[in-house]
Amino acid sequence: LALAGASVAVTAGAPMLGPGAAVEALRGLADDSTANVVVRELRVPRLVLAAVGGAALGLAGALLQGGLRNPLAGPELIGVNAGAALVIGTLVIVGVPTAAPALPVLALLGGLAGGAAVMAAAWRHADRGRVILVGAAVTAVLHATLFAVVASGAQYQLGVLFRFLLGSLANLTWDEVRLPVTWSLMTVPLALACARRLNLLRLPDDVAEQLGVNVARTRLLLIALAVALIAPVVAVAGAIGWISLLSPHLVRQAAQTSDARLVLPLTALTGAALLIVTDQAARLVFRPLEVPVGSFTTLFGGVVLLVLLRRRLVTVRS
């Protein structure tokens, strides 16, 4: 699925290219110089961000769901999306002069600050119920602040913020893609190395403690790693929903296992495939109009999750 989406990402659009022409454009040898620029400077960076961002979002969802033992845990519960959105909204509405290359960095800091606020509030008692409640409260406060800022803005200022809140991979260059790619090179291997701890956290807390796991500290470390995975993606592409929530469920359903040694790498691949494919749908379905990819991930994710829940209910009844 990811390879099929990648093929469409490189060849489809304006200009439309055949496989051979796309390869030539990737090498910078196409007869049409416009094709070289479009493929190398627009389509490939977008494809790379979809793959890296989808993998990071999927892994973050698996860490949160496993660490908190909550099948609905996602980045919306740990303040990252709301923190990054608040920073961008404040800069846009207040009109703070900001260089374009600095926006992703500032959004990253906002996302990290939102995640840090949740962790700080839950530091002493990091049981899963408290973390979820604290995350929901912090996110609500950040969203309320964002809405107050937006309400004071003019209509023409809301376009950038609207695109950021929905999530979009459009018109991103290598300079912007470099931030999440660099972070992912550090955070993805760390996430994959957490498989054993995630498996132990599936046990009751007292049993895990007897096996040598500091449950509270491990849970906070997993949340911190999830924040580090999500924040760079949100900083560049906005709040892309449902990839984090849906990818682990699809993997556990398909593989019929909750073993994190298998779930984590497959979730990264599934998240990458989902974001690549939904981004192509957002780019091509309503051509020449392009829809933010967050709209498609929400639509697709909601439908698929309902199907999975129905199948699970049917299985339980039978």
# chains A, B, ... in the order shown; residues from 1 in each chain; ligands from 1
$ residues_around --residues "Trp242 (chain A)" --least-positions-apart "6" --cutoff "8 Å" --atoms "only C-alpha atoms" --output "PyMOL selection string"
chain A and resi 297-298+301-302
$ write_last_selection --atoms "N, CA and C atoms" --output "PDB file, in the first residue's frame"
ATOM      1  N   THR A 297      -7.932  11.906   6.720  1.00  0.00           N
ATOM      2  CA  THR A 297      -7.572  10.946   7.763  1.00  0.00           C
ATOM      3  C   THR A 297      -8.699  10.805   8.782  1.00  0.00           C
ATOM      4  N   THR A 298      -9.376  11.908   9.087  1.00  0.00           N
ATOM      5  CA  THR A 298     -10.500  11.848  10.021  1.00  0.00           C
ATOM      6  C   THR A 298     -11.661  11.057   9.430  1.00  0.00           C
ATOM      7  N   GLY A 301     -10.410   7.389   9.089  1.00  0.00           N
ATOM      8  CA  GLY A 301     -10.185   6.789  10.395  1.00  0.00           C
ATOM      9  C   GLY A 301     -11.476   6.531  11.143  1.00  0.00           C
ATOM     10  N   GLY A 302     -12.408   7.475  11.093  1.00  0.00           N
ATOM     11  CA  GLY A 302     -13.669   7.281  11.782  1.00  0.00           C
ATOM     12  C   GLY A 302     -14.449   6.090  11.243  1.00  0.00           C
TER      13      GLY A 302
END
$ residues_around --residues "Val215 (chain A)" --least-positions-apart "4" --cutoff "8 Å" --atoms "only C-alpha atoms" --output "ChimeraX atom specification"
/A:201,205,208-209,219
$ write_last_selection --atoms "N, CA and C atoms" --output "mmCIF file, in the first residue's frame"
data_model
loop_
_atom_site.group_PDB
_atom_site.id
_atom_site.type_symbol
_atom_site.label_atom_id
_atom_site.label_comp_id
_atom_site.auth_asym_id
_atom_site.auth_seq_id
_atom_site.Cartn_x
_atom_site.Cartn_y
_atom_site.Cartn_z
ATOM 1 N N LEU A 201 4.181 -3.529 30.832
ATOM 2 C CA LEU A 201 3.135 -2.629 31.309
ATOM 3 C C LEU A 201 1.727 -3.169 31.033
ATOM 4 N N ASP A 205 -0.049 -3.245 37.553
ATOM 5 C CA ASP A 205 1.080 -2.418 37.974
ATOM 6 C C ASP A 205 1.926 -3.086 39.051
ATOM 7 N N ALA A 208 4.135 -5.755 37.478
ATOM 8 C CA ALA A 208 5.231 -5.150 36.720
ATOM 9 C C ALA A 208 6.312 -4.610 37.652
ATOM 10 N N GLU A 209 5.889 -4.029 38.787
ATOM 11 C CA GLU A 209 6.861 -3.531 39.765
ATOM 12 C C GLU A 209 7.699 -4.678 40.312
ATOM 13 N N ARG A 219 6.092 4.972 32.506
ATOM 14 C CA ARG A 219 4.933 5.564 31.839
ATOM 15 C C ARG A 219 5.237 7.003 31.406
#
$ closest_atom_pairs --of "region 188-242 of chain A" --to "region 43-66 of chain A" --cutoff "6 Å" --atoms "only C-alpha atoms" --output "tab-separated table"
residue	atom	partner	partner_atom	distance
A:Leu198	CA	A:Gly66	CA	5.9
A:Ala226	CA	A:Ala60	CA	4.5
A:Leu229	CA	A:Ala56	CA	5.4
A:Ile230	CA	A:Leu57	CA	5.9
A:Val233	CA	A:Gly53	CA	5.6
$ write_last_selection --atoms "N, CA, C and O atoms" --output "short mmCIF file (atom, residue, chain, number, x, y, z; two decimals), in the first residue's frame"
data_model
loop_
_atom_site.label_atom_id
_atom_site.label_comp_id
_atom_site.auth_asym_id
_atom_site.auth_seq_id
_atom_site.Cartn_x
_atom_site.Cartn_y
_atom_site.Cartn_z
N LEU A 198 6.84 -2.07 27.16
CA LEU A 198 5.41 -2.03 26.84
C LEU A 198 4.74 -3.36 27.16
O LEU A 198 3.61 -3.39 27.68
N ALA A 226 6.59 9.81 23.18
CA ALA A 226 5.48 10.08 22.27
C ALA A 226 5.42 11.55 21.91
O ALA A 226 5.17 11.92 20.75
N LEU A 229 8.04 12.28 19.38
CA LEU A 229 7.68 11.76 18.06
C LEU A 229 6.67 12.65 17.36
O LEU A 229 6.78 12.92 16.15
N ILE A 230 5.68 13.13 18.10
CA ILE A 230 4.57 13.85 17.50
C ILE A 230 4.91 15.31 17.21
O ILE A 230 4.56 15.85 16.15
N VAL A 233 6.25 16.61 13.78
CA VAL A 233 5.28 16.43 12.69
C VAL A 233 4.20 17.49 12.77
O VAL A 233 3.84 18.12 11.76
#
$ select_by_dssp --residues "region 15-120 of chain A" --states "helix (DSSP H, G or I)" --output "short mmCIF file (atom, residue, chain, number, x, y, z; two decimals) with N, CA, C and O atoms, in the first residue's frame"
data_model
loop_
_atom_site.label_atom_id
_atom_site.label_comp_id
_atom_site.auth_asym_id
_atom_site.auth_seq_id
_atom_site.Cartn_x
_atom_site.Cartn_y
_atom_site.Cartn_z
N PRO A 19 5.91 6.29 -15.56
CA PRO A 19 6.97 5.78 -14.68
C PRO A 19 8.37 6.15 -15.16
O PRO A 19 9.23 6.55 -14.36
N GLY A 20 8.63 6.01 -16.48
CA GLY A 20 9.95 6.33 -16.99
C GLY A 20 10.28 7.80 -16.84
O GLY A 20 11.39 8.17 -16.42
N ALA A 21 9.31 8.66 -17.16
CA ALA A 21 9.54 10.10 -17.03
C ALA A 21 9.73 10.50 -15.57
O ALA A 21 10.53 11.40 -15.27
N ALA A 22 9.01 9.82 -14.67
CA ALA A 22 9.17 10.14 -13.25
C ALA A 22 10.57 9.78 -12.76
O ALA A 22 11.19 10.52 -11.99
N VAL A 23 11.09 8.64 -13.23
CA VAL A 23 12.46 8.25 -12.86
C VAL A 23 13.47 9.25 -13.39
O VAL A 23 14.41 9.64 -12.69
N GLU A 24 13.28 9.68 -14.62
CA GLU A 24 14.18 10.68 -15.20
C GLU A 24 14.12 11.98 -14.41
O GLU A 24 15.14 12.63 -14.17
N ALA A 25 12.90 12.38 -14.02
CA ALA A 25 12.76 13.61 -13.24
C ALA A 25 13.41 13.47 -11.87
O ALA A 25 14.02 14.43 -11.36
N LEU A 26 13.30 12.29 -11.26
CA LEU A 26 13.97 12.06 -9.98
C LEU A 26 15.48 12.22 -10.10
O LEU A 26 16.15 12.70 -9.19
N SER A 33 12.24 20.83 -17.69
CA SER A 33 12.87 21.26 -16.44
C SER A 33 11.83 21.46 -15.34
O SER A 33 12.13 21.29 -14.15
N THR A 34 10.60 21.83 -15.74
CA THR A 34 9.54 21.99 -14.75
C THR A 34 9.26 20.67 -14.03
O THR A 34 9.06 20.63 -12.82
N ALA A 35 9.26 19.56 -14.78
CA ALA A 35 9.04 18.25 -14.19
C ALA A 35 10.13 17.92 -13.18
O ALA A 35 9.86 17.36 -12.11
N ASN A 36 11.38 18.26 -13.50
CA ASN A 36 12.47 18.02 -12.55
C ASN A 36 12.22 18.74 -11.24
O ASN A 36 12.37 18.17 -10.15
N VAL A 37 11.81 20.01 -11.33
CA VAL A 37 11.60 20.81 -10.12
C VAL A 37 10.41 20.30 -9.33
O VAL A 37 10.48 20.14 -8.10
N VAL A 38 9.30 20.02 -10.03
CA VAL A 38 8.09 19.58 -9.34
C VAL A 38 8.33 18.26 -8.60
O VAL A 38 7.93 18.10 -7.44
N VAL A 39 8.98 17.32 -9.26
CA VAL A 39 9.19 16.01 -8.64
C VAL A 39 10.21 16.09 -7.51
O VAL A 39 9.96 15.61 -6.39
N ARG A 40 11.34 16.70 -7.76
CA ARG A 40 12.45 16.70 -6.79
C ARG A 40 12.22 17.65 -5.63
O ARG A 40 12.65 17.36 -4.50
N GLU A 41 11.56 18.78 -5.88
CA GLU A 41 11.45 19.81 -4.84
C GLU A 41 10.08 19.90 -4.19
O GLU A 41 9.95 20.56 -3.16
N LEU A 42 9.06 19.27 -4.78
CA LEU A 42 7.72 19.34 -4.20
C LEU A 42 7.15 17.96 -3.88
O LEU A 42 6.73 17.70 -2.75
N ARG A 43 7.14 17.06 -4.86
CA ARG A 43 6.50 15.77 -4.62
C ARG A 43 7.31 14.86 -3.71
O ARG A 43 6.75 14.20 -2.83
N VAL A 44 8.61 14.78 -3.91
CA VAL A 44 9.42 13.88 -3.09
C VAL A 44 9.50 14.36 -1.63
O VAL A 44 9.34 13.53 -0.71
N PRO A 45 9.72 15.65 -1.35
CA PRO A 45 9.69 16.06 0.06
C PRO A 45 8.35 15.77 0.73
O PRO A 45 8.31 15.34 1.88
N ARG A 46 7.28 15.97 -0.01
CA ARG A 46 5.96 15.68 0.54
C ARG A 46 5.79 14.19 0.83
O ARG A 46 5.25 13.80 1.87
N LEU A 47 6.28 13.36 -0.07
CA LEU A 47 6.22 11.91 0.13
C LEU A 47 7.06 11.49 1.33
O LEU A 47 6.63 10.65 2.15
N VAL A 48 8.26 12.04 1.45
CA VAL A 48 9.13 11.70 2.58
C VAL A 48 8.47 12.10 3.90
O VAL A 48 8.49 11.34 4.88
N LEU A 49 7.87 13.29 3.94
CA LEU A 49 7.21 13.72 5.17
C LEU A 49 6.02 12.84 5.50
O LEU A 49 5.78 12.51 6.67
N ALA A 50 5.26 12.41 4.48
CA ALA A 50 4.12 11.52 4.73
C ALA A 50 4.60 10.20 5.33
O ALA A 50 3.99 9.68 6.27
N ALA A 51 5.70 9.65 4.79
CA ALA A 51 6.21 8.38 5.29
C ALA A 51 6.76 8.52 6.71
O ALA A 51 6.41 7.75 7.62
N VAL A 52 7.60 9.52 6.91
CA VAL A 52 8.22 9.71 8.23
C VAL A 52 7.18 10.15 9.25
O VAL A 52 7.13 9.65 10.39
N GLY A 53 6.32 11.10 8.86
CA GLY A 53 5.30 11.59 9.79
C GLY A 53 4.30 10.51 10.15
O GLY A 53 3.91 10.38 11.32
N GLY A 54 3.86 9.72 9.17
CA GLY A 54 2.92 8.64 9.47
C GLY A 54 3.51 7.61 10.40
O GLY A 54 2.84 7.13 11.33
N ALA A 55 4.79 7.26 10.18
CA ALA A 55 5.45 6.29 11.06
C ALA A 55 5.56 6.84 12.48
O ALA A 55 5.30 6.12 13.46
N ALA A 56 5.94 8.11 12.60
CA ALA A 56 6.08 8.71 13.93
C ALA A 56 4.74 8.80 14.65
O ALA A 56 4.64 8.48 15.84
N LEU A 57 3.68 9.19 13.93
CA LEU A 57 2.36 9.27 14.55
C LEU A 57 1.87 7.90 14.98
O LEU A 57 1.30 7.74 16.08
N GLY A 58 2.06 6.89 14.12
CA GLY A 58 1.64 5.54 14.47
C GLY A 58 2.36 5.02 15.71
O GLY A 58 1.74 4.46 16.62
N LEU A 59 3.67 5.21 15.75
CA LEU A 59 4.44 4.76 16.91
C LEU A 59 4.01 5.48 18.18
O LEU A 59 3.91 4.87 19.25
N ALA A 60 3.78 6.78 18.08
CA ALA A 60 3.34 7.54 19.25
C ALA A 60 2.02 6.99 19.78
O ALA A 60 1.83 6.84 20.99
N GLY A 61 1.10 6.66 18.87
CA GLY A 61 -0.16 6.08 19.30
C GLY A 61 0.03 4.74 20.00
O GLY A 61 -0.61 4.46 21.02
N ALA A 62 0.91 3.90 19.46
CA ALA A 62 1.18 2.60 20.08
C ALA A 62 1.79 2.76 21.48
O ALA A 62 1.44 2.03 22.41
N LEU A 63 2.71 3.72 21.63
CA LEU A 63 3.32 3.96 22.94
C LEU A 63 2.28 4.43 23.95
O LEU A 63 2.27 3.98 25.10
N LEU A 64 1.42 5.35 23.53
CA LEU A 64 0.44 5.90 24.46
C LEU A 64 -0.62 4.85 24.82
O LEU A 64 -0.99 4.71 25.99
N GLN A 65 -1.11 4.12 23.84
CA GLN A 65 -2.13 3.12 24.12
C GLN A 65 -1.58 2.00 24.99
O GLN A 65 -2.26 1.50 25.90
N GLY A 66 -0.32 1.58 24.72
CA GLY A 66 0.28 0.54 25.52
C GLY A 66 0.69 1.02 26.90
O GLY A 66 0.46 0.34 27.91
N GLY A 67 1.30 2.21 26.95
CA GLY A 67 1.77 2.72 28.23
C GLY A 67 0.66 3.08 29.18
O GLY A 67 0.77 2.88 30.40
N LEU A 68 -0.44 3.62 28.65
CA LEU A 68 -1.57 4.02 29.50
C LEU A 68 -2.65 2.95 29.57
O LEU A 68 -3.65 3.13 30.27
N PRO A 75 -2.42 11.66 20.61
CA PRO A 75 -1.73 12.93 20.84
C PRO A 75 -2.66 14.03 21.32
O PRO A 75 -2.21 14.99 21.95
N GLU A 76 -3.97 13.89 21.03
CA GLU A 76 -4.91 14.90 21.52
C GLU A 76 -5.00 14.92 23.03
O GLU A 76 -5.45 15.91 23.62
N LEU A 77 -4.58 13.83 23.69
CA LEU A 77 -4.68 13.73 25.14
C LEU A 77 -3.43 14.20 25.88
O LEU A 77 -3.44 14.24 27.10
N VAL A 80 0.11 18.08 22.91
CA VAL A 80 1.06 18.46 21.86
C VAL A 80 0.37 19.25 20.76
O VAL A 80 0.81 20.34 20.39
N ASN A 81 -0.72 18.72 20.22
CA ASN A 81 -1.42 19.41 19.15
C ASN A 81 -1.90 20.79 19.60
O ASN A 81 -1.75 21.79 18.88
N ALA A 82 -2.48 20.85 20.80
CA ALA A 82 -3.03 22.11 21.29
C ALA A 82 -1.92 23.13 21.55
O ALA A 82 -2.08 24.32 21.27
N GLY A 83 -0.79 22.68 22.09
CA GLY A 83 0.32 23.60 22.36
C GLY A 83 0.89 24.20 21.10
O GLY A 83 1.15 25.41 21.02
N ALA A 84 1.11 23.36 20.07
CA ALA A 84 1.63 23.87 18.80
C ALA A 84 0.63 24.80 18.14
O ALA A 84 1.00 25.86 17.61
N ALA A 85 -0.65 24.44 18.16
CA ALA A 85 -1.68 25.28 17.54
C ALA A 85 -1.79 26.63 18.24
O ALA A 85 -2.00 27.67 17.59
N LEU A 86 -1.65 26.65 19.56
CA LEU A 86 -1.73 27.91 20.30
C LEU A 86 -0.60 28.85 19.90
O LEU A 86 -0.81 30.06 19.72
N VAL A 87 0.60 28.30 19.74
CA VAL A 87 1.73 29.14 19.32
C VAL A 87 1.49 29.74 17.93
O VAL A 87 1.64 30.95 17.72
N ILE A 88 1.10 28.89 16.98
CA ILE A 88 0.86 29.37 15.62
C ILE A 88 -0.29 30.38 15.61
O ILE A 88 -0.21 31.43 14.96
N GLY A 89 -1.37 30.07 16.32
CA GLY A 89 -2.51 30.97 16.35
C GLY A 89 -2.16 32.33 16.93
O GLY A 89 -2.57 33.36 16.40
N THR A 90 -1.37 32.33 17.99
CA THR A 90 -0.97 33.60 18.60
C THR A 90 -0.11 34.42 17.65
O THR A 90 -0.30 35.64 17.50
N LEU A 91 0.84 33.76 16.99
CA LEU A 91 1.72 34.48 16.06
C LEU A 91 0.92 35.07 14.90
O LEU A 91 1.16 36.20 14.49
N VAL A 92 -0.04 34.28 14.37
CA VAL A 92 -0.80 34.74 13.21
C VAL A 92 -1.75 35.86 13.59
O VAL A 92 -1.82 36.91 12.92
N ILE A 93 -2.51 35.69 14.65
CA ILE A 93 -3.54 36.66 15.02
C ILE A 93 -2.94 37.94 15.57
O ILE A 93 -3.36 39.04 15.21
N VAL A 94 -1.95 37.82 16.44
CA VAL A 94 -1.33 39.00 17.01
C VAL A 94 -0.49 39.74 15.98
O VAL A 94 -0.29 40.95 16.05
N ALA A 102 11.24 30.06 10.82
CA ALA A 102 11.16 29.97 12.28
C ALA A 102 9.84 29.41 12.77
O ALA A 102 9.74 28.94 13.91
N LEU A 103 8.79 29.42 11.93
CA LEU A 103 7.48 28.96 12.37
C LEU A 103 7.48 27.50 12.84
O LEU A 103 6.94 27.20 13.91
N PRO A 104 8.05 26.56 12.05
CA PRO A 104 8.06 25.17 12.55
C PRO A 104 8.80 25.00 13.87
O PRO A 104 8.38 24.21 14.72
N VAL A 105 9.89 25.75 14.04
CA VAL A 105 10.65 25.64 15.29
C VAL A 105 9.83 26.14 16.47
O VAL A 105 9.79 25.51 17.54
N LEU A 106 9.13 27.27 16.28
CA LEU A 106 8.30 27.82 17.35
C LEU A 106 7.12 26.90 17.65
O LEU A 106 6.75 26.70 18.81
N ALA A 107 6.53 26.33 16.60
CA ALA A 107 5.43 25.37 16.81
C ALA A 107 5.92 24.13 17.54
O ALA A 107 5.23 23.57 18.39
N LEU A 108 7.14 23.69 17.21
CA LEU A 108 7.74 22.55 17.90
C LEU A 108 7.89 22.85 19.39
O LEU A 108 7.55 22.02 20.25
N LEU A 109 8.37 24.04 19.71
CA LEU A 109 8.53 24.42 21.11
C LEU A 109 7.18 24.46 21.82
O LEU A 109 7.06 24.06 22.98
N GLY A 110 6.15 24.95 21.10
CA GLY A 110 4.82 24.97 21.69
C GLY A 110 4.29 23.56 21.95
O GLY A 110 3.69 23.30 23.00
N GLY A 111 4.50 22.65 21.01
CA GLY A 111 4.07 21.28 21.21
C GLY A 111 4.80 20.61 22.36
O GLY A 111 4.19 19.90 23.18
N LEU A 112 6.10 20.83 22.43
CA LEU A 112 6.87 20.26 23.54
C LEU A 112 6.43 20.84 24.88
O LEU A 112 6.36 20.13 25.89
N ALA A 113 6.11 22.14 24.89
CA ALA A 113 5.65 22.78 26.12
C ALA A 113 4.31 22.20 26.56
O ALA A 113 4.08 21.96 27.76
N GLY A 114 3.40 21.96 25.60
CA GLY A 114 2.12 21.36 25.95
C GLY A 114 2.29 19.97 26.54
O GLY A 114 1.67 19.62 27.55
N GLY A 115 3.15 19.15 25.93
CA GLY A 115 3.42 17.82 26.46
C GLY A 115 4.10 17.88 27.82
O GLY A 115 3.79 17.09 28.72
N ALA A 116 5.02 18.84 27.98
CA ALA A 116 5.73 18.98 29.26
C ALA A 116 4.77 19.39 30.37
O ALA A 116 4.92 18.96 31.53
N ALA A 117 3.77 20.23 30.05
CA ALA A 117 2.79 20.63 31.05
C ALA A 117 1.99 19.43 31.56
O ALA A 117 1.74 19.30 32.77
N VAL A 118 1.61 18.54 30.66
CA VAL A 118 0.89 17.33 31.07
C VAL A 118 1.77 16.46 31.94
O VAL A 118 1.35 15.95 32.99
N MET A 119 3.02 16.27 31.53
CA MET A 119 3.93 15.42 32.30
C MET A 119 4.20 16.00 33.68
O MET A 119 4.25 15.28 34.68
N ALA A 120 4.39 17.33 33.75
CA ALA A 120 4.67 17.97 35.03
C ALA A 120 3.49 17.83 35.99
O ALA A 120 3.67 17.56 37.19
#
$ atom_distance --atom1 "CA of Leu266 (chain A)" --atom2 "CA of Ile132 (chain A)"
25.3 Å
$ residues_around --residues "Leu190 (chain A)" --least-positions-apart "4" --cutoff "8 Å" --atoms "only C-alpha atoms" --output "number ranges by chain"
A: 186, 194, 225
$ atom_distance --atom1 "CA of Thr98 (chain A)" --atom2 "CA of Gly241 (chain A)"
26.6 Å
